[in-house]
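Student: Please find one structure pasted underneath; my questions will follow.
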Amino acid sequence: MFKNEKNIVKSILFILFLLLTTGCGKKENDNSQNYIVDDLYNKISLENVPKRIVTLAPNLTELVYAVGEGDKIVGNTTYCNFPETTKDKEKIGDLLTINFEKILSLKPDIIFMTKEGNSKSNYTKLKELGLNVFVSAPNNYRGIKKTLSDIGKIFHKTEIIDSITKSWDTRIDSVKKTHEKLLFNSALFLVSAKPIFSIGKNSFINELLNFAGLKNLSANTEISYPMLNREEVLVKNPDVLILYRTNKNDISEILEIYPEWNTLSAIVNNRVIFVNPDLYSRPGPRFVDAVVELNKRIKEM
């Protein structure tokens, strides 16, 4: 009998051990949710909601506003011009040159910066100063949504993030339904005409073109912004040529530099589109607006 009692006690102790260790495991998993990992693999704590923030890139400024936390921005860059109220924020420099003393004086709880637009040396200096830095590197639509989600979690606003991303997805799906009706689809997007730089497949703008219904003729390279020569443009011979807008928005400006381009299909058929660089060059909440606008302009041609 004593032997049976001992076995029962052992069984009870074993069950208690399992319950305790299982409980500990669950607690540890819950703790792991108290941080996110940014695009540079930094762990960002989610325990305290930031009250004072600095943004070092326009797309991040716009994303912070998108989640309703723009009032907490105490400093941003000279390029941060949307929405309108962001122009009144304290300017700490541009994308590459920043005033560290001014940033310190603003006492930010967190600094948002980009891997592609900002410099590594500035990131290193900010970390050396003991500042909390979040790094974003969205090179596609999924990356943009990931950054939005991260910012939403930092401000404890996960519900609004779900609503925003669902709205984005719905709008993009609607645009995709028009692809079959488009009469042409090859395109070349020149982010610079002199020298000539286009869009590679690892740039978020490549996906912007695809979503709008266009095939990017420079998507065969891993380089985000490949350099082309004038002859390559002739060989590619795009149906649509897309350029950032200028003071004139006149193709004659381009033909003065490259007169031989007058044989390009896009120019012969008057399919040259000048776009707002602020709208098309920022991987932020207006990415979908750019997709919708470009698709609309293609359909109107």
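As shown in the structure tokens, the chain order sets the letters A, B, ...; within each chain, residues go from 1, and ligands are also counted from 1 in the order they appear.
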Could you pull out the strand (DSSP E or B) residues of segment 12-186 of chain A, going by DSSP on the backbone, and write them as a ChimeraX atom specification?

Tutor: /A:35-37,43-45,53-55,73-76,90-91,93,98,110-114,133-136,186

Student: Please save N, CA and C atoms of the selected residues as a compact mmCIF listing (two decimals), in the first residue's frame.

Tutor:
# COMPACT_ATOMS: atom_id res chain seq x y z
N TYR A 35 8.72 43.29 -27.58
CA TYR A 35 9.63 44.01 -28.48
C TYR A 35 9.36 43.60 -29.92
N ILE A 36 9.80 44.42 -30.84
CA ILE A 36 9.78 44.08 -32.26
C ILE A 36 11.21 44.11 -32.77
N VAL A 37 11.43 43.57 -33.94
CA VAL A 37 12.76 43.57 -34.55
C VAL A 37 12.68 44.43 -35.80
N LYS A 43 16.37 45.07 -31.60
CA LYS A 43 15.18 44.84 -30.79
C LYS A 43 14.69 46.17 -30.24
N ILE A 44 13.45 46.51 -30.53
CA ILE A 44 12.85 47.76 -30.08
C ILE A 44 11.78 47.43 -29.03
N SER A 45 11.96 47.93 -27.83
CA SER A 45 11.03 47.65 -26.74
C SER A 45 9.66 48.26 -27.00
N ILE A 53 9.40 61.98 -30.58
CA ILE A 53 10.10 61.23 -31.62
C ILE A 53 10.71 62.15 -32.66
N VAL A 54 11.75 61.64 -33.30
CA VAL A 54 12.41 62.34 -34.40
C VAL A 54 12.38 61.41 -35.61
N THR A 55 12.00 61.94 -36.76
CA THR A 55 11.98 61.16 -38.00
C THR A 55 13.03 61.71 -38.96
N ILE A 73 5.90 64.06 -33.08
CA ILE A 73 7.15 64.36 -33.78
C ILE A 73 7.67 65.71 -33.30
N VAL A 74 8.86 65.72 -32.72
CA VAL A 74 9.46 66.96 -32.24
C VAL A 74 10.55 67.45 -33.18
N GLY A 75 10.94 66.61 -34.14
CA GLY A 75 11.97 66.99 -35.10
C GLY A 75 11.93 66.10 -36.32
N ASN A 76 12.19 66.70 -37.50
CA ASN A 76 12.29 65.92 -38.74
C ASN A 76 13.22 66.63 -39.71
N GLU A 90 10.48 71.14 -35.93
CA GLU A 90 11.89 71.52 -35.83
C GLU A 90 12.70 70.71 -36.85
N LYS A 91 13.53 71.40 -37.65
CA LYS A 91 14.32 70.72 -38.68
C LYS A 91 15.72 70.41 -38.12
N GLY A 93 18.11 68.79 -40.01
CA GLY A 93 19.03 68.56 -41.12
C GLY A 93 18.30 67.91 -42.29
N ILE A 98 22.90 65.64 -40.49
CA ILE A 98 22.00 65.93 -39.38
C ILE A 98 22.75 66.61 -38.23
N ILE A 110 12.56 57.97 -29.23
CA ILE A 110 12.95 57.07 -30.32
C ILE A 110 13.19 57.89 -31.58
N ILE A 111 14.11 57.41 -32.42
CA ILE A 111 14.42 58.04 -33.69
C ILE A 111 14.12 57.05 -34.80
N PHE A 112 13.36 57.47 -35.80
CA PHE A 112 13.05 56.63 -36.95
C PHE A 112 13.93 57.04 -38.12
N MET A 113 14.66 56.08 -38.69
CA MET A 113 15.51 56.36 -39.84
C MET A 113 15.45 55.22 -40.84
N THR A 114 15.97 55.46 -42.06
CA THR A 114 15.94 54.45 -43.11
C THR A 114 17.36 53.94 -43.41
N VAL A 133 17.10 53.87 -31.61
CA VAL A 133 16.95 54.06 -33.05
C VAL A 133 16.22 52.89 -33.70
N PHE A 134 15.20 53.21 -34.48
CA PHE A 134 14.47 52.22 -35.27
C PHE A 134 14.85 52.41 -36.73
N VAL A 135 15.23 51.32 -37.42
CA VAL A 135 15.67 51.40 -38.82
C VAL A 135 14.70 50.66 -39.73
N SER A 136 14.30 51.34 -40.79
CA SER A 136 13.37 50.76 -41.77
C SER A 136 14.07 50.62 -43.13
N SER A 186 4.88 47.87 -71.44
CA SER A 186 6.30 48.00 -71.14
C SER A 186 6.63 49.44 -70.77

Student: Could you check which of A:Thr165, A:Tyr258, A:Val292, A:Pro50 is closest to Thr147 of chain A, using only C-alpha atoms?

Tutor: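 Using only C-alpha atoms, the shortest distance to Thr147 of chain A belongs to A:Thr165.
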
Student: Ranking A:Leu148, A:Ile257, A:Cys80, A:Leu182 by minimum distance to Pro285 of chain A and counting only C-alpha atoms, which one comes first?

Tutor: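 Checking each of A:Leu148, A:Ile257, A:Cys80, A:Leu182 against Pro285 of chain A, counting only C-alpha atoms, the winner is A:Leu148.
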
Student: For Asn206 of chain A, work out the shell of residues within 9 Å, counting only C-alpha atoms and skipping chain neighbours fewer than 4 positions away, then give it as a list in words.

Tutor: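 With the cut-off at 9 Å, the set is Asn140, Phe189, Ile199, Gly200, Lys201, Asn202, Asn210, Phe211, Lys215, Asn216, Ser218, Ala219 and Ser224 of chain A.
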
Student: Give the alpha helix (DSSP H) residues of segment 86-278 of chain A, as assigned by DSSP on the backbone, as a ChimeraX atom specification.

Tutor: /A:100-106,120-128,141-154,158-176,204-212,230-236,252-257,265-268,277-278
